[in-house]
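Asks: Structure: coords32.txt, compact mmCIF, C-alpha atoms.
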# COMPACT_ATOMS: atom_id res chain seq x y z
CA MET A 7 66.73 57.36 186.32
CA CYS A 8 70.10 59.08 186.30
CA LEU A 9 70.53 62.38 188.17
CA LYS A 10 73.34 64.83 187.55
CA PRO A 11 75.29 66.01 190.53
CA TYR A 12 74.07 69.15 192.10
CA HIS A 13 77.29 71.11 191.71
CA GLN A 14 77.26 70.58 187.89
CA ASN A 15 73.76 72.08 187.62
CA GLN A 16 74.79 74.99 189.78
CA ASP A 17 77.82 75.79 187.58
CA HIS A 18 75.64 75.85 184.46
CA GLU A 19 73.23 78.33 186.05
CA ASN A 20 76.11 80.56 187.15
CA ARG A 21 77.53 80.62 183.59
CA ILE A 22 74.14 81.63 182.18
CA GLN A 23 73.83 84.49 184.70
CA ILE A 24 77.41 85.68 184.47
CA GLY A 25 77.49 86.08 180.59
CA PRO A 26 75.13 89.10 180.27
CA LEU A 27 76.67 90.78 183.31
CA SER A 28 80.13 90.47 181.83
CA MET A 29 78.98 92.06 178.55
CA LYS A 30 77.43 94.99 180.38
CA LYS A 31 80.62 95.50 182.35
CA LEU A 32 82.68 95.55 179.18
CA GLN A 33 80.37 98.09 177.54
CA ILE A 34 80.56 100.35 180.58
CA ALA A 35 84.37 100.09 180.61
CA ALA A 36 84.59 100.96 176.92
CA LEU A 37 82.33 103.98 177.38
CA VAL A 38 84.41 105.23 180.29
CA ALA A 39 87.61 104.85 178.23
CA LEU A 40 86.06 106.82 175.36
CA VAL A 41 85.02 109.65 177.68
CA ILE A 42 88.53 109.75 179.14
CA ALA A 43 90.07 109.89 175.65
CA VAL A 44 87.73 112.75 174.58
CA VAL A 45 88.53 114.70 177.71
CA ALA A 46 92.25 114.15 177.18
CA PHE A 47 92.01 115.26 173.53
CA CYS A 48 90.13 118.40 174.49
CA THR A 49 92.74 119.26 177.13
CA LEU A 50 95.69 118.93 174.73
CA ASP A 51 97.75 122.01 174.08
CA ALA A 52 97.71 123.69 170.67
CA GLY A 53 101.12 122.24 169.72
CA PRO A 54 100.34 118.57 170.11
CA LEU A 55 96.91 119.11 168.61
CA LEU A 56 98.37 120.72 165.49
CA HIS A 57 100.95 117.95 165.28
CA LEU A 58 98.17 115.38 165.37
CA LYS A 59 96.23 117.23 162.68
CA SER A 60 99.35 117.37 160.51
CA ARG A 61 99.84 113.63 160.87
CA LEU A 62 96.20 113.12 159.91
CA LEU A 63 96.51 115.38 156.84
CA GLY A 64 99.67 113.51 155.80
CA ILE A 65 97.73 110.27 155.88
CA LEU A 66 94.78 111.70 153.92
CA SER A 67 96.85 113.76 151.46
CA PRO A 68 97.36 111.04 148.78
CA ILE A 69 93.67 110.29 148.85
CA SER A 70 92.81 113.98 148.50
CA ARG A 71 95.32 114.48 145.71
CA SER A 72 94.04 111.51 143.72
CA GLY A 73 90.49 112.71 144.12
CA SER A 74 91.49 116.19 142.97
CA ALA A 75 93.34 114.76 139.96
CA VAL A 76 90.33 112.71 138.96
CA LYS A 77 88.10 115.76 139.32
CA SER A 78 90.54 117.87 137.30
CA GLY A 79 90.73 115.20 134.55
CA ILE A 80 86.97 115.00 134.35
CA GLY A 81 86.79 118.79 134.12
CA SER A 82 89.42 118.88 131.37
CA LEU A 83 87.59 116.16 129.48
CA GLY A 84 84.44 118.18 129.75
CA ARG A 85 86.18 121.23 128.31
CA ASP A 86 87.58 119.13 125.45
CA LEU A 87 84.18 117.71 124.69
CA MET A 88 82.77 121.20 124.55
CA THR A 89 85.22 122.11 121.74
CA LEU A 90 84.43 119.17 119.45
CA ASP A 91 81.70 121.14 117.67
CA GLN A 92 84.12 124.01 117.20
CA LEU A 93 86.72 121.63 115.77
CA GLN A 94 84.15 120.21 113.35
CA VAL A 95 83.24 123.70 112.15
CA GLU A 96 86.92 124.57 111.71
CA TYR A 97 87.56 121.33 109.82
CA GLU A 98 84.69 122.03 107.44
CA ARG A 99 85.93 125.58 106.90
CA VAL A 100 89.47 124.41 106.10
CA GLN A 101 88.14 121.68 103.81
CA ALA A 102 85.98 124.15 101.90
CA GLU A 103 88.92 126.53 101.60
CA ASN A 104 91.10 123.66 100.35
CA HIS A 105 88.54 122.77 97.69
CA MET A 106 88.34 126.40 96.62
CA LEU A 107 92.11 126.67 96.34
CA ARG A 108 92.25 123.45 94.32
CA ALA A 109 89.60 124.77 91.96
CA GLU A 110 91.50 128.03 91.56
CA ASN A 111 94.73 126.11 90.99
CA ASN A 112 93.09 123.93 88.34
CA GLY A 113 91.68 127.04 86.70
CA LEU A 114 95.12 128.64 86.63
CA ARG A 115 96.58 125.46 85.13
CA ASP A 116 93.93 125.48 82.41
CA LEU A 117 94.66 129.14 81.69
CA GLN A 118 98.35 128.37 81.56
CA LYS A 119 97.78 125.51 79.12
CA ASP A 120 95.57 127.71 76.95
CA ASN A 121 98.17 130.45 77.03
CA GLU A 122 100.94 128.05 76.05
CA HIS A 123 98.76 126.60 73.30
CA LEU A 124 97.98 130.06 71.91
CA ARG A 125 101.66 131.00 72.02
CA SER A 126 102.53 127.81 70.18
CA VAL A 127 99.84 128.44 67.55
CA LEU A 128 100.84 132.06 67.07
CA GLY A 129 104.49 131.08 66.89
CA TYR A 130 103.70 128.48 64.24
CA ARG A 131 101.73 131.05 62.27
CA GLU A 132 104.66 133.44 62.35
CA ARG A 133 107.16 130.76 61.33
CA SER A 134 105.02 129.26 58.59
CA ALA A 135 105.88 129.86 54.94
CA PHE A 136 102.16 130.15 54.19
CA LEU A 137 99.48 132.76 54.71
CA LEU A 138 97.28 131.26 57.43
CA VAL A 139 93.75 132.18 58.49
CA PRO A 140 92.92 130.82 61.96
CA ALA A 141 89.48 129.28 62.38
CA THR A 142 87.48 127.75 65.22
CA VAL A 143 86.02 124.28 64.76
CA LEU A 144 82.23 124.51 65.09
CA GLY A 145 81.42 120.83 64.93
CA HIS A 146 82.14 117.44 63.40
CA ASP A 147 80.07 115.40 61.00
CA ALA A 148 80.80 111.75 60.44
CA GLY A 149 79.33 108.97 58.38
CA ALA A 150 80.17 105.52 57.11
CA TRP A 151 81.56 106.86 53.81
CA TRP A 152 82.73 110.38 54.56
CA SER A 153 83.96 112.60 57.37
CA THR A 154 83.74 116.38 57.54
CA MET A 155 83.73 119.24 60.01
CA LYS A 156 82.63 122.88 59.96
CA ILE A 157 84.78 125.90 60.79
CA GLY A 158 83.81 129.45 61.65
CA LYS A 159 85.47 131.25 58.72
CA GLY A 160 84.16 131.74 55.19
CA SER A 161 84.45 133.72 51.99
CA ARG A 162 84.49 137.12 53.66
CA ASP A 163 87.67 135.95 55.47
CA GLY A 164 89.33 134.97 52.19
CA ILE A 165 88.39 131.28 52.32
CA ALA A 166 87.57 129.44 49.08
CA PRO A 167 86.94 125.78 48.17
CA ASP A 168 89.92 123.43 47.85
CA MET A 169 92.17 125.19 50.32
CA PRO A 170 94.39 123.08 52.63
CA VAL A 171 93.45 123.00 56.31
CA ILE A 172 96.22 122.28 58.83
CA THR A 173 97.29 122.52 62.46
CA ASP A 174 100.75 123.02 63.90
CA LYS A 175 100.96 119.18 63.91
CA GLY A 176 100.15 118.56 60.27
CA LEU A 177 97.49 118.19 57.59
CA VAL A 178 93.80 118.08 58.52
CA GLY A 179 92.01 118.19 55.17
CA LYS A 180 90.70 120.68 52.62
CA THR A 181 87.78 123.08 52.33
CA THR A 182 84.79 122.09 50.20
CA ALA A 183 81.54 124.08 50.50
CA VAL A 184 82.08 127.69 51.61
CA SER A 185 79.59 130.32 52.76
CA SER A 186 80.22 133.90 53.85
CA ASP A 187 81.03 133.02 57.45
CA MET A 188 81.36 129.23 57.52
CA SER A 189 83.18 126.49 55.62
CA GLU A 190 83.01 122.71 55.39
CA VAL A 191 86.25 120.74 55.61
CA LEU A 192 86.75 117.27 54.14
CA LEU A 193 89.13 115.46 56.50
CA VAL A 194 92.16 113.40 55.47
CA THR A 195 90.54 110.41 57.16
CA ASP A 196 87.80 110.39 54.51
CA GLU A 197 88.41 107.99 51.62
CA ASN A 198 87.51 110.76 49.16
CA CYS A 199 90.35 113.00 50.36
CA LYS A 200 93.28 111.99 48.11
CA VAL A 201 96.71 113.36 49.01
CA ALA A 202 99.98 112.86 47.09
CA ALA A 203 102.53 111.74 49.71
CA LYS A 204 106.19 110.83 50.05
CA VAL A 205 108.04 108.75 52.67
CA GLU A 206 110.91 110.38 54.54
CA GLY A 207 114.37 109.02 53.72
CA THR A 208 113.20 107.14 50.62
CA ARG A 209 112.21 107.80 47.02
CA GLU A 210 108.82 106.23 47.67
CA GLN A 211 105.71 108.21 46.73
CA GLY A 212 102.06 107.24 46.71
CA ILE A 213 98.49 108.38 47.28
CA SER A 214 97.10 108.67 50.79
CA ALA A 215 93.40 108.46 51.65
CA GLY A 216 91.15 107.49 54.52
CA THR A 217 89.75 104.02 54.92
CA ARG A 218 86.20 103.04 54.12
CA ASN A 219 85.64 101.56 57.59
CA GLY A 220 86.25 104.98 59.17
CA GLY A 221 88.81 103.67 61.65
CA GLY A 222 90.83 106.90 61.58
CA GLU A 223 93.82 105.37 59.78
CA LEU A 224 95.22 106.28 56.38
CA GLN A 225 96.15 103.99 53.48
CA LEU A 226 99.19 104.89 51.41
CA THR A 227 98.98 103.00 48.11
CA PHE A 228 100.88 102.82 44.78
CA LEU A 229 104.18 102.27 46.56
CA SER A 230 106.89 99.98 45.25
CA LYS A 231 106.50 96.34 46.18
CA LEU A 232 110.11 96.45 47.40
CA ALA A 233 109.63 99.59 49.52
CA ASP A 234 109.90 97.62 52.79
CA LEU A 235 108.82 100.58 54.96
CA GLN A 236 109.35 100.37 58.71
CA PRO A 237 107.02 101.44 61.53
CA GLY A 238 107.67 104.99 62.65
CA GLN A 239 108.82 106.38 59.31
CA LYS A 240 107.33 109.81 58.64
CA VAL A 241 105.19 110.65 55.63
CA TYR A 242 104.72 114.17 54.17
CA THR A 243 102.70 115.77 51.39
CA ALA A 244 104.50 115.47 48.06
CA GLY A 245 103.29 118.77 46.56
CA VAL A 246 102.78 117.58 42.99
CA SER A 247 102.29 120.12 40.26
CA GLY A 248 98.71 121.33 40.03
CA GLY A 249 97.87 119.76 43.39
CA ILE A 250 96.01 121.36 46.24
CA PHE A 251 98.43 120.54 49.04
CA PRO A 252 101.87 122.18 49.25
CA SER A 253 104.93 119.99 49.72
CA GLY A 254 106.38 119.16 53.11
CA ILE A 255 103.26 119.17 55.34
CA SER A 256 103.34 116.33 57.86
CA LEU A 257 100.73 113.71 57.10
CA GLY A 258 101.36 110.68 59.33
CA THR A 259 103.70 107.88 60.39
CA VAL A 260 103.98 104.33 59.06
CA LYS A 261 102.30 101.65 61.18
CA SER A 262 102.75 98.69 58.84
CA PHE A 263 103.66 97.78 55.27
CA ARG A 264 102.73 94.89 52.97
CA ALA A 265 103.54 94.06 49.37
CA ARG A 266 100.53 93.43 47.18
CA GLU A 267 100.33 91.82 43.74
CA LEU A 268 100.91 95.03 41.82
CA ASP A 269 102.22 97.53 44.40
CA GLY A 270 103.01 98.09 48.04
CA GLU A 271 100.61 99.42 50.69
CA ALA A 272 101.33 101.12 54.02
CA VAL A 273 98.97 101.87 56.87
CA LEU A 274 99.54 105.32 58.39
CA GLU A 275 98.68 106.90 61.71
CA PRO A 276 97.61 110.53 60.95
CA VAL A 277 99.47 113.19 62.92
CA ALA A 278 96.35 115.33 63.42
CA ASP A 279 93.70 114.00 65.79
CA THR A 280 90.74 115.10 63.69
CA GLY A 281 88.22 114.06 66.34
CA SER A 282 89.42 116.48 69.02
CA LEU A 283 90.37 119.60 67.04
CA GLU A 284 89.31 122.99 68.37
CA GLU A 285 91.30 125.40 66.18
CA VAL A 286 92.79 125.02 62.71
CA PHE A 287 94.48 127.13 60.02
CA VAL A 288 93.39 127.53 56.42
CA ILE A 289 96.23 128.05 53.94
CA THR A 290 95.17 130.90 51.65
CA GLY A 291 98.51 131.31 49.85
CA ALA A 292 102.27 131.60 50.19
CA LYS A 293 104.03 134.44 51.99
Could you write out this structure as structure tokens?

Replies:
Amino acid sequence: MCLKPYHQNQDHENRIQIGPLSMKKLQIAALVALVIAVVAFCTLDAGPLLHLKSRLLGILSPISRSGSAVKSGIGSLGRDLMTLDQLQVEYERVQAENHMLRAENNGLRDLQKDNEHLRSVLGYRERSAFLLVPATVLGHDAGAWWSTMKIGKGSRDGIAPDMPVITDKGLVGKTTAVSSDMSEVLLVTDENCKVAAKVEGTREQGISAGTRNGGGELQLTFLSKLADLQPGQKVYTAGVSGGIFPSGISLGTVKSFRARELDGEAVLEPVADTGSLEEVFVITGAK
């Protein structure tokens, strides 16, 4: 059996007893130092105390400022968020006003176009060498073999059958059945509407009529086989003796030409868009 020396055991016991005592002594010393510091702080004069407070405020100032800025930003954000509903209302108001102004502007444009159209029509009526009765188009009738429309003028307005119907662009057709306040118009695009025609810049003359397929084009037949017409050439009424249509009314433009066995044939694009007419003139005589 091995025994430790006595003095080693004694040192271990002393270290165990001294540790807690040392900690207590340190705590007492720290408490005494704190009391001394408090007493010294309380006995400071106003000058040093204010200087110390100033130093402390200088240290805390950036922290305070940043906190204030954050608070201010949050407050500003809150105010901005509160106005979003107001901005939405204002946006809707401006948008509605914009739509209203656009509608008014479009209405003014339509009125301006109508005014210009009426001026053009009235000007044409004044310049024309014919006596013209203006008439409103009431409706269109179309079929596989014929094409007509009705106008709101009749016999009490001086209208009679077989009177030419025109626009400021050119020939539309001729009147057929006539009542007191309404007339039927056979359009140039109908194959039964025969018109004596001549080609501008040439001695070529022929008979124009609509096509059976109702495609809206005109066929100019009985031309010379050597006519050699070119696209874009203008065609007018020939005004033959005893005919219905006066001479010089625009009829259409050449689209194509071909020589047939006995004659030449041209396809014409009519100058009057018979499908979209709203007003026309009926020629009742010469001025």

Asks: Suppose you want the space between CA of Val205 in chain A and CA of Lys261 in chain A; what is it in Å?

Replies: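 Taking CA of Val205 in chain A as the start and CA of Lys261 in chain A as the end point, the length is 12.5 Å.
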
Asks: Between A:Gly249, A:Lys200, A:Lys293, A:Gly164, which one has atoms that come closest to Glu132 in chain A, using only C-alpha atoms?

Replies: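 Closest to Glu132 in chain A of all the choices is A:Lys293.
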
Asks: Pick the closest to Lys240 in chain A from A:Asp279, A:Glu267, A:Glu206, A:Asp147: which is it, counting all atoms listed in the file?

Replies: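 Nearest to Lys240 in chain A: A:Glu206.
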
Asks: Kindly indicate which residue among A:Ala135, A:Val286, A:Leu229, A:Ile165 lies nearest to Pro252 in chain A, using all atoms listed in the file for the distances.

Replies: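 The shortest atom-to-atom distance to Pro252 in chain A comes from A:Ala135.
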
Asks: Excluding Ala272 in chain A and residues on its chain fewer than 6 positions from it, collect all residues at most 7 Å away from it, counting all atoms listed in the file, and give them as a PyMOL selection string.

Replies: chain A and resi 225-227+260+262-264

Asks: Output the selection as an mmCIF file, in the coordinates of the input - C-alpha atoms for each residue.

Replies:
data_model
loop_
_atom_site.group_PDB
_atom_site.id
_atom_site.type_symbol
_atom_site.label_atom_id
_atom_site.label_comp_id
_atom_site.auth_asym_id
_atom_site.auth_seq_id
_atom_site.Cartn_x
_atom_site.Cartn_y
_atom_site.Cartn_z
ATOM 1 C CA GLN A 225 96.150 103.990 53.480
ATOM 2 C CA LEU A 226 99.190 104.890 51.410
ATOM 3 C CA THR A 227 98.980 103.000 48.110
ATOM 4 C CA VAL A 260 103.980 104.330 59.060
ATOM 5 C CA SER A 262 102.750 98.690 58.840
ATOM 6 C CA PHE A 263 103.660 97.780 55.270
ATOM 7 C CA ARG A 264 102.730 94.890 52.970
#

Asks: Rounded to one decimal place, report the CA of Pro140 in chain A-CA of Thr290 in chain A distance in Å.

Replies: 10.6 Å

Asks: When you count all atoms listed in the file, which of these residues is closest to Tyr130 in chain A: A:Ser153, A:Thr173, A:Gln211, A:Ser189?

Replies: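 Nearest to Tyr130 in chain A: A:Thr173.
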
Asks: In Å, how far is it from CA of Gly221 in chain A to CA of Cys199 in chain A?

Replies: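 Separation between CA of Gly221 in chain A and CA of Cys199 in chain A: 14.7 Å.
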
Asks: Please tell me which residues are no farther than 12 Å from (84.8, 111.5, 53.0) in the file, counting all atoms listed in the file, and write them as a PDB file with C-alpha atoms, in the frame of the given file.

Replies:
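Dumped to selection-v2.pdb:
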ATOM      1  CA  ASP A 147      80.070 115.400  61.000  1.00  0.00           C
ATOM      2  CA  ALA A 148      80.800 111.750  60.440  1.00  0.00           C
ATOM      3  CA  GLY A 149      79.330 108.970  58.380  1.00  0.00           C
ATOM      4  CA  ALA A 150      80.170 105.520  57.110  1.00  0.00           C
ATOM      5  CA  TRP A 151      81.560 106.860  53.810  1.00  0.00           C
ATOM      6  CA  TRP A 152      82.730 110.380  54.560  1.00  0.00           C
ATOM      7  CA  SER A 153      83.960 112.600  57.370  1.00  0.00           C
ATOM      8  CA  THR A 154      83.740 116.380  57.540  1.00  0.00           C
ATOM      9  CA  MET A 155      83.730 119.240  60.010  1.00  0.00           C
ATOM     10  CA  GLY A 179      92.010 118.190  55.170  1.00  0.00           C
ATOM     11  CA  LYS A 180      90.700 120.680  52.620  1.00  0.00           C
ATOM     12  CA  THR A 181      87.780 123.080  52.330  1.00  0.00           C
ATOM     13  CA  THR A 182      84.790 122.090  50.200  1.00  0.00           C
ATOM     14  CA  GLU A 190      83.010 122.710  55.390  1.00  0.00           C
ATOM     15  CA  VAL A 191      86.250 120.740  55.610  1.00  0.00           C
ATOM     16  CA  LEU A 192      86.750 117.270  54.140  1.00  0.00           C
ATOM     17  CA  LEU A 193      89.130 115.460  56.500  1.00  0.00           C
ATOM     18  CA  VAL A 194      92.160 113.400  55.470  1.00  0.00           C
ATOM     19  CA  THR A 195      90.540 110.410  57.160  1.00  0.00           C
ATOM     20  CA  ASP A 196      87.800 110.390  54.510  1.00  0.00           C
ATOM     21  CA  GLU A 197      88.410 107.990  51.620  1.00  0.00           C
ATOM     22  CA  ASN A 198      87.510 110.760  49.160  1.00  0.00           C
ATOM     23  CA  CYS A 199      90.350 113.000  50.360  1.00  0.00           C
ATOM     24  CA  LYS A 200      93.280 111.990  48.110  1.00  0.00           C
ATOM     25  CA  ALA A 215      93.400 108.460  51.650  1.00  0.00           C
ATOM     26  CA  GLY A 216      91.150 107.490  54.520  1.00  0.00           C
ATOM     27  CA  THR A 217      89.750 104.020  54.920  1.00  0.00           C
ATOM     28  CA  ARG A 218      86.200 103.040  54.120  1.00  0.00           C
ATOM     29  CA  ASN A 219      85.640 101.560  57.590  1.00  0.00           C
ATOM     30  CA  GLY A 220      86.250 104.980  59.170  1.00  0.00           C
ATOM     31  CA  GLY A 222      90.830 106.900  61.580  1.00  0.00           C
TER      32      GLY A 222
END

Asks: What are the centre and the three edge lengths of an axis-aligned box that wraps all atoms of range 265-276 of chain A in the file, given that 6 Å is added to every side, written as JSON and rounded to one decimal in Å?

Replies:
{"center_x": 100.6, "center_y": 101.2, "center_z": 51.8, "size_x": 17.9, "size_y": 30.7, "size_z": 31.9}

Asks: From the set A:Ser230, A:Ser134, A:Gln94, A:Gln101, which residue has the shortest atom-to-atom contact distance to Ile172 in chain A, counting only C-alpha atoms?

Replies: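 Once distances to Ile172 in chain A are computed over only C-alpha atoms, the minimum belongs to A:Ser134.
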
Asks: So that I can see what lies close to Ala202 in chain A, please list as an mmCIF file with C-alpha atoms, in the coordinates of the input the residues with an atom at most 7 Å from it, counting only C-alpha atoms and leaving out residues fewer than 4 positions away in the same chain.

Replies:
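Written out: selection15.cif:
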data_model
loop_
_atom_site.group_PDB
_atom_site.id
_atom_site.type_symbol
_atom_site.label_atom_id
_atom_site.label_comp_id
_atom_site.auth_asym_id
_atom_site.auth_seq_id
_atom_site.Cartn_x
_atom_site.Cartn_y
_atom_site.Cartn_z
ATOM 1 C CA GLY A 212 102.060 107.240 46.710
ATOM 2 C CA ILE A 213 98.490 108.380 47.280
ATOM 3 C CA SER A 214 97.100 108.670 50.790
ATOM 4 C CA THR A 243 102.700 115.770 51.390
ATOM 5 C CA ALA A 244 104.500 115.470 48.060
ATOM 6 C CA GLY A 245 103.290 118.770 46.560
ATOM 7 C CA VAL A 246 102.780 117.580 42.990
#

Asks: In terms of the shortest atom-to-atom distance over only C-alpha atoms, which of A:Ile250, A:Leu114, A:Ile34, A:Leu283 is closest to Pro167 in chain A?

Replies: A:Ile250

Asks: Would you pick out the contacts of Pro276 in chain A at 8 Å or less, using only C-alpha atoms, so that residues sharing its chain but fewer than 5 positions from it are not included, and give the list as a list of chain:residue names?

Replies: A:Gly222, A:Glu223, A:Leu224, A:Leu257, A:Gly258, A:Thr259
